[in-house]
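Written out below as structure tokens is the structure these notes cover.
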Amino acid sequence: MPSILVKNIGTLCGINEKFGGLKKGGEMARVDQLNQAFLLCENGQIIAYGGMDGCPDRADNVVDAANGHVLPGWCDSHTHLVFAASREEEFVYRLKGMSYAEIAEKGGGILNSATKLQAMDEDLLYEQSAQRLEKVISMGTAAIEIKSGYGLTLDSELKMLRVIRRLKENYAVGIKATFLGAHAIPTAYKENRQGYIEHIIRDMLPIIAGEGLADYMDVFCDKGFYTIEETDLLLKTAAGFGLKPKIHANELANSGGVQIGIKNNAISVDHLEEIGNDEIEALRQSRTIPTVLPSCSYFLGIPYAPARKMIDAGLGIAIASDYNPGTSPSGNLSLLMSLACTQMKLLPEEAFNGLTHNGACAMEWQQQYGSIGLGKTASFIITHKIPSLAFIPYSFGENLIKQVVIKGRKVS
């Protein structure tokens with residue numbers, strides 16, 4: 001693979017040679033950086049960086065950053081990028097005053113997406129999903145988690161996970177796959193929810209694990225969806241198949257989802273719009289990563305997760321897009337950085353770490369993605385010339401990305 005040299009970098013941001021764990025509390029406000037720098041990559045990895053006074057003479061490809069910033073690529077640890085169709089009609093329903101729960105009762109929400117996905121050919125689903133993936137890569141995403149969960153039948157859940165596998169095979173961006181068959185109770189099992197749970201356990205998990213289609217198992221543990229007892233059973237069963245737990249928790253109510261996630265050693269508990277001091281303390285005593293999704297709160301008009309309070313209590317947080325057709329139809333993480341600052345009152349450095357290093361931690365990829373370090377994956381963003389890192393969330397309406405590099409190759 002050709003080498004690539006980026007020279008005349010105004011500021012090289014997010015340097016981390018320690019390969020450490022989650023950044024927590026006050027550490028989240030620290031971003032190590034180097035001014036007037038170069039970055040040298042070979043075979044898809046970072047092999048050198050430093051001040052311009054030590055810049056190498058040559059490389060196969062030379063990129064002049066022209067005093068722009070260079071940042072590690074965004075790490076989006078919670079998405080539903082594979083779906084069949086948009087749901088802008090539900091957006092209009094909400095504008096007319098309907099709640100998320102009322103829309104779901106009308107056959108909207110997750111069940112709406114499931115109906116559309118079940119009817120879609122796998123090749124077309126792949127083509128549409130690939131277009132979305134290319135778009136988020138062009139906006140700087142270097143590593144991404146993608147969930148199933150709009151299938152809700154054995155065939156359609158497998159279809160989604162096989163689409164995710166094809167994306168892994170055909171794109172250089174890092175992709176983790178999550179099985180979310182427990183996203184909702186499908187219409188066919190409306191009067192037999194235990195039957196659907198048994199279907200997941202008996203029929204879905206053995207095939208998914210057997211074909212190596214997923215890294216994680218997720219459950220939507222919340223009011224109107226899965227109970228803590230059902231979640232506990234599903235996560236424990238999935239762990240027996242080698243699928244590590246993640247969990248949708250406390251979006252709609254203080255459901256006990258945080259505690260059941262911690263009990264099952266979940267990698268992350270995501271959403272957290274409805275949590276209190278007990279949940280924050282429980283997270284402080286655990287290794288589970290709290291992941292907040294500010295664009296979901298923005299789009300639905302619901303409370304934001306108390307990210308400021310969590311960081312001040314000593315927690316580290318990841319920030320993710322929740323990219324999906326119903327509640328967060330955007331994978332723009334530069335915009336998400338701004339929302340985290342303006343709506344959650346995070347400092348730019350805290351938001352940056354939540355979207356890079358800590359996002360990588362929530363996918364167990366901090367050794368490869370989310371920061372600049374020797375031997376790390378050469379996936380990064382080159383911005384136009386900007387005065388500071390804070391200019392990214394400040395100038396929320398502008399596209400400040402000049403070039404994206406994924407595994408040492410420029411993305412057109």
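Identifiers in the structure tokens: chain A, B, ... in order shown; residue index from 1 per chain; ligand index from 1 in order shown.
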
Considering only C-alpha atoms, give me a table of residues in range 57-146 of chain A that are at most 8 Å from range 12-15 of chain A, with the closest atom pair and distance in Å for each, as JSON lines.
{"residue": "A:His69", "atom": "CA", "partner": "A:Leu12", "partner_atom": "CA", "distance": 5.9}
{"residue": "A:Val70", "atom": "CA", "partner": "A:Leu12", "partner_atom": "CA", "distance": 4.9}
{"residue": "A:Leu71", "atom": "CA", "partner": "A:Cys13", "partner_atom": "CA", "distance": 5.2}
{"residue": "A:Pro72", "atom": "CA", "partner": "A:Gly14", "partner_atom": "CA", "distance": 6.6}

Excluding range 338-353 of chain A and its own-chain neighbours fewer than 2 positions away, which residues fall within 9 Å of it when counting only C-alpha atoms? Please give them as a PyMOL selection string. chain A and resi 14+23+26-31+74+293-295+298+304-308+311+317-319+333-336+355-359+370-371+389-396

How about saving the chosen residues, C-alpha atoms kept, as a PDB file, in the first residue's frame?
ATOM      1  CA  GLY A  14      -6.029  13.900  19.609  1.00  0.00           C
ATOM      2  CA  LYS A  23     -11.284   9.108  29.306  1.00  0.00           C
ATOM      3  CA  GLY A  26     -11.547  15.938  33.966  1.00  0.00           C
ATOM      4  CA  GLU A  27      -9.572  13.814  31.475  1.00  0.00           C
ATOM      5  CA  MET A  28     -12.334  14.432  28.955  1.00  0.00           C
ATOM      6  CA  ALA A  29     -11.333  18.102  28.708  1.00  0.00           C
ATOM      7  CA  ARG A  30      -7.778  17.217  27.678  1.00  0.00           C
ATOM      8  CA  VAL A  31      -6.831  16.951  24.003  1.00  0.00           C
ATOM      9  CA  TRP A  74     -15.034  10.083  14.166  1.00  0.00           C
ATOM     10  CA  LEU A 293     -27.280  10.419  21.667  1.00  0.00           C
ATOM     11  CA  PRO A 294     -27.948  14.167  21.497  1.00  0.00           C
ATOM     12  CA  SER A 295     -29.365  14.235  17.959  1.00  0.00           C
ATOM     13  CA  TYR A 298     -32.922  17.227  19.334  1.00  0.00           C
ATOM     14  CA  TYR A 304     -31.107  15.382  26.743  1.00  0.00           C
ATOM     15  CA  ALA A 305     -29.089  12.896  28.726  1.00  0.00           C
ATOM     16  CA  PRO A 306     -27.403  14.719  31.655  1.00  0.00           C
ATOM     17  CA  ALA A 307     -23.954  14.476  30.108  1.00  0.00           C
ATOM     18  CA  ARG A 308     -22.585  17.511  31.964  1.00  0.00           C
ATOM     19  CA  ILE A 311     -18.773  14.084  33.506  1.00  0.00           C
ATOM     20  CA  ILE A 317     -19.069   9.286  28.108  1.00  0.00           C
ATOM     21  CA  ALA A 318     -19.200   8.288  24.469  1.00  0.00           C
ATOM     22  CA  ILE A 319     -21.297  10.299  22.022  1.00  0.00           C
ATOM     23  CA  LEU A 333     -20.859  13.956  13.671  1.00  0.00           C
ATOM     24  CA  SER A 334     -19.456  17.461  13.230  1.00  0.00           C
ATOM     25  CA  LEU A 335     -23.007  18.720  13.805  1.00  0.00           C
ATOM     26  CA  LEU A 336     -23.355  16.276  16.700  1.00  0.00           C
ATOM     27  CA  LEU A 355     -16.809  11.338  19.466  1.00  0.00           C
ATOM     28  CA  THR A 356     -13.298   9.959  18.990  1.00  0.00           C
ATOM     29  CA  HIS A 357     -11.407   8.093  21.722  1.00  0.00           C
ATOM     30  CA  ASN A 358     -14.390   7.270  23.935  1.00  0.00           C
ATOM     31  CA  GLY A 359     -16.496   6.324  20.930  1.00  0.00           C
ATOM     32  CA  GLY A 370     -10.118   7.392  17.835  1.00  0.00           C
ATOM     33  CA  SER A 371      -6.708   9.018  18.338  1.00  0.00           C
ATOM     34  CA  LEU A 389     -10.839  22.929  17.667  1.00  0.00           C
ATOM     35  CA  ALA A 390     -13.686  24.957  19.185  1.00  0.00           C
ATOM     36  CA  PHE A 391     -14.404  26.421  15.739  1.00  0.00           C
ATOM     37  CA  ILE A 392     -15.944  23.084  14.657  1.00  0.00           C
ATOM     38  CA  PRO A 393     -18.926  23.200  17.065  1.00  0.00           C
ATOM     39  CA  TYR A 394     -19.022  26.997  16.864  1.00  0.00           C
ATOM     40  CA  SER A 395     -19.389  27.062  13.081  1.00  0.00           C
ATOM     41  CA  PHE A 396     -22.082  24.363  13.005  1.00  0.00           C
TER      42      PHE A 396
END

May I have the residues within 8 Å of range 228-230 of chain A as a PyMOL selection string, using only C-alpha atoms and disregarding those fewer than 6 positions away in the same chain? chain A and resi 197+221+255-257+260

Range 376-386 of chain A: which residues within 8 Å, counting only C-alpha atoms, same-chain residues fewer than 2 positions away excluded, as a PDB file with N, CA and C atoms, in the first residue's frame?
ATOM      1  N   GLY A  10      -1.639  22.563  10.587  1.00  0.00           N
ATOM      2  CA  GLY A  10      -1.701  23.653  11.561  1.00  0.00           C
ATOM      3  C   GLY A  10      -1.704  23.115  12.978  1.00  0.00           C
ATOM      4  N   CYS A  41       2.131   7.991   7.069  1.00  0.00           N
ATOM      5  CA  CYS A  41       1.405   6.724   7.164  1.00  0.00           C
ATOM      6  C   CYS A  41       1.907   5.753   6.097  1.00  0.00           C
ATOM      7  N   GLY A  44      -1.462   1.560   5.733  1.00  0.00           N
ATOM      8  CA  GLY A  44      -2.689   1.824   6.458  1.00  0.00           C
ATOM      9  C   GLY A  44      -2.522   2.176   7.915  1.00  0.00           C
ATOM     10  N   GLN A  45      -1.265   2.383   8.365  1.00  0.00           N
ATOM     11  CA  GLN A  45      -1.003   2.711   9.758  1.00  0.00           C
ATOM     12  C   GLN A  45      -0.170   3.973   9.880  1.00  0.00           C
ATOM     13  N   ILE A  46      -0.291   4.634  11.018  1.00  0.00           N
ATOM     14  CA  ILE A  46       0.536   5.795  11.318  1.00  0.00           C
ATOM     15  C   ILE A  46       1.913   5.295  11.748  1.00  0.00           C
ATOM     16  N   ALA A  65      -1.655  20.031   4.069  1.00  0.00           N
ATOM     17  CA  ALA A  65      -2.809  20.392   4.892  1.00  0.00           C
ATOM     18  C   ALA A  65      -3.063  21.885   4.910  1.00  0.00           C
ATOM     19  N   ALA A  66      -2.097  22.671   4.439  1.00  0.00           N
ATOM     20  CA  ALA A  66      -2.263  24.124   4.305  1.00  0.00           C
ATOM     21  C   ALA A  66      -2.755  24.754   5.610  1.00  0.00           C
ATOM     22  N   ASN A  67      -2.151  24.316   6.713  1.00  0.00           N
ATOM     23  CA  ASN A  67      -2.445  24.826   8.055  1.00  0.00           C
ATOM     24  C   ASN A  67      -3.829  24.442   8.573  1.00  0.00           C
ATOM     25  N   GLY A  68      -4.466  23.460   7.946  1.00  0.00           N
ATOM     26  CA  GLY A  68      -5.690  22.914   8.516  1.00  0.00           C
ATOM     27  C   GLY A  68      -5.386  22.018   9.704  1.00  0.00           C
ATOM     28  N   HIS A  69      -6.415  21.702  10.460  1.00  0.00           N
ATOM     29  CA  HIS A  69      -6.280  20.743  11.553  1.00  0.00           C
ATOM     30  C   HIS A  69      -6.339  19.317  10.997  1.00  0.00           C
ATOM     31  N   VAL A  70      -5.678  18.392  11.674  1.00  0.00           N
ATOM     32  CA  VAL A  70      -5.843  16.970  11.402  1.00  0.00           C
ATOM     33  C   VAL A  70      -6.366  16.316  12.676  1.00  0.00           C
ATOM     34  N   LEU A  71      -7.483  15.615  12.536  1.00  0.00           N
ATOM     35  CA  LEU A  71      -8.170  14.981  13.660  1.00  0.00           C
ATOM     36  C   LEU A  71      -8.314  13.489  13.393  1.00  0.00           C
ATOM     37  N   PRO A  72      -8.305  12.657  14.425  1.00  0.00           N
ATOM     38  CA  PRO A  72      -8.681  11.256  14.192  1.00  0.00           C
ATOM     39  C   PRO A  72     -10.106  11.189  13.664  1.00  0.00           C
ATOM     40  N   GLY A  73     -10.383  10.214  12.803  1.00  0.00           N
ATOM     41  CA  GLY A  73     -11.739  10.068  12.275  1.00  0.00           C
ATOM     42  C   GLY A  73     -12.736   9.824  13.392  1.00  0.00           C
ATOM     43  N   GLY A 140     -16.401  12.176   7.708  1.00  0.00           N
ATOM     44  CA  GLY A 140     -15.331  11.961   8.663  1.00  0.00           C
ATOM     45  C   GLY A 140     -15.435  10.749   9.550  1.00  0.00           C
ATOM     46  N   ALA A 142     -14.806   7.174  10.713  1.00  0.00           N
ATOM     47  CA  ALA A 142     -13.780   6.180  10.397  1.00  0.00           C
ATOM     48  C   ALA A 142     -14.095   4.815  10.984  1.00  0.00           C
ATOM     49  N   GLN A 367      -7.469   0.749  20.562  1.00  0.00           N
ATOM     50  CA  GLN A 367      -6.103   0.466  20.126  1.00  0.00           C
ATOM     51  C   GLN A 367      -5.894   0.772  18.648  1.00  0.00           C
ATOM     52  N   GLN A 368      -6.985   0.936  17.898  1.00  0.00           N
ATOM     53  CA  GLN A 368      -6.868   1.161  16.462  1.00  0.00           C
ATOM     54  C   GLN A 368      -7.404   2.516  16.010  1.00  0.00           C
ATOM     55  N   TYR A 369      -8.490   2.957  16.618  1.00  0.00           N
ATOM     56  CA  TYR A 369      -9.185   4.152  16.147  1.00  0.00           C
ATOM     57  C   TYR A 369      -9.326   5.181  17.272  1.00  0.00           C
ATOM     58  N   SER A 371      -7.788   8.113  17.941  1.00  0.00           N
ATOM     59  CA  SER A 371      -6.708   9.018  18.338  1.00  0.00           C
ATOM     60  C   SER A 371      -5.538   8.849  17.385  1.00  0.00           C
ATOM     61  N   ILE A 372      -4.584   9.752  17.516  1.00  0.00           N
ATOM     62  CA  ILE A 372      -3.370   9.724  16.704  1.00  0.00           C
ATOM     63  C   ILE A 372      -2.263   9.084  17.531  1.00  0.00           C
ATOM     64  N   GLY A 373      -1.685   7.996  17.018  1.00  0.00           N
ATOM     65  CA  GLY A 373      -0.601   7.333  17.730  1.00  0.00           C
ATOM     66  C   GLY A 373       0.128   6.377  16.809  1.00  0.00           C
ATOM     67  N   LEU A 374       1.354   6.083  17.120  1.00  0.00           N
ATOM     68  CA  LEU A 374       2.150   5.180  16.295  1.00  0.00           C
ATOM     69  C   LEU A 374       1.511   3.799  16.274  1.00  0.00           C
ATOM     70  N   SER A 388      -9.194  27.052  15.684  1.00  0.00           N
ATOM     71  CA  SER A 388      -9.097  26.200  16.869  1.00  0.00           C
ATOM     72  C   SER A 388     -10.058  25.027  16.738  1.00  0.00           C
ATOM     73  N   LEU A 389      -9.908  24.049  17.623  1.00  0.00           N
ATOM     74  CA  LEU A 389     -10.839  22.929  17.667  1.00  0.00           C
ATOM     75  C   LEU A 389     -12.252  23.420  17.967  1.00  0.00           C
ATOM     76  N   PHE A 391     -13.735  25.852  16.908  1.00  0.00           N
ATOM     77  CA  PHE A 391     -14.404  26.421  15.739  1.00  0.00           C
ATOM     78  C   PHE A 391     -15.336  25.403  15.079  1.00  0.00           C
ATOM     79  N   LEU A 400     -16.439  21.912   7.230  1.00  0.00           N
ATOM     80  CA  LEU A 400     -15.046  22.306   7.420  1.00  0.00           C
ATOM     81  C   LEU A 400     -14.067  21.222   6.999  1.00  0.00           C
ATOM     82  N   ILE A 401     -14.581  20.095   6.494  1.00  0.00           N
ATOM     83  CA  ILE A 401     -13.720  18.972   6.134  1.00  0.00           C
ATOM     84  C   ILE A 401     -13.179  19.164   4.721  1.00  0.00           C
ATOM     85  N   LYS A 402     -11.872  19.149   4.610  1.00  0.00           N
ATOM     86  CA  LYS A 402     -11.205  19.284   3.311  1.00  0.00           C
ATOM     87  C   LYS A 402     -10.908  17.924   2.698  1.00  0.00           C
ATOM     88  N   GLN A 403     -10.514  16.945   3.526  1.00  0.00           N
ATOM     89  CA  GLN A 403     -10.148  15.620   3.041  1.00  0.00           C
ATOM     90  C   GLN A 403     -10.340  14.597   4.147  1.00  0.00           C
ATOM     91  N   VAL A 404     -10.831  13.430   3.778  1.00  0.00           N
ATOM     92  CA  VAL A 404     -10.921  12.294   4.702  1.00  0.00           C
ATOM     93  C   VAL A 404      -9.980  11.207   4.195  1.00  0.00           C
ATOM     94  N   VAL A 405      -9.219  10.626   5.104  1.00  0.00           N
ATOM     95  CA  VAL A 405      -8.315   9.524   4.785  1.00  0.00           C
ATOM     96  C   VAL A 405      -8.741   8.318   5.619  1.00  0.00           C
ATOM     97  N   ILE A 406      -8.981   7.196   4.971  1.00  0.00           N
ATOM     98  CA  ILE A 406      -9.380   5.960   5.635  1.00  0.00           C
ATOM     99  C   ILE A 406      -8.332   4.893   5.352  1.00  0.00           C
ATOM    100  N   LYS A 407      -7.702   4.410   6.415  1.00  0.00           N
ATOM    101  CA  LYS A 407      -6.660   3.392   6.309  1.00  0.00           C
ATOM    102  C   LYS A 407      -5.609   3.758   5.267  1.00  0.00           C
ATOM    103  N   GLY A 408      -5.196   5.009   5.308  1.00  0.00           N
ATOM    104  CA  GLY A 408      -4.110   5.476   4.466  1.00  0.00           C
ATOM    105  C   GLY A 408      -4.475   5.826   3.045  1.00  0.00           C
TER     106      GLY A 408
END

Kindly indicate which residue among A:Arg193, A:Lys263, A:Lys106, A:Lys135 lies nearest to Lys236 in chain A, using only C-alpha atoms for the distances. A:Lys263

Among range 78-314 of chain A, which residues carry a DSSP assignment of alpha helix (DSSP H), reported as a ChimeraX atom specification? /A:88-95,100-105,110-118,122-138,154-170,193-199,205-210,228-240,257-263,277-284,294-300,307-312
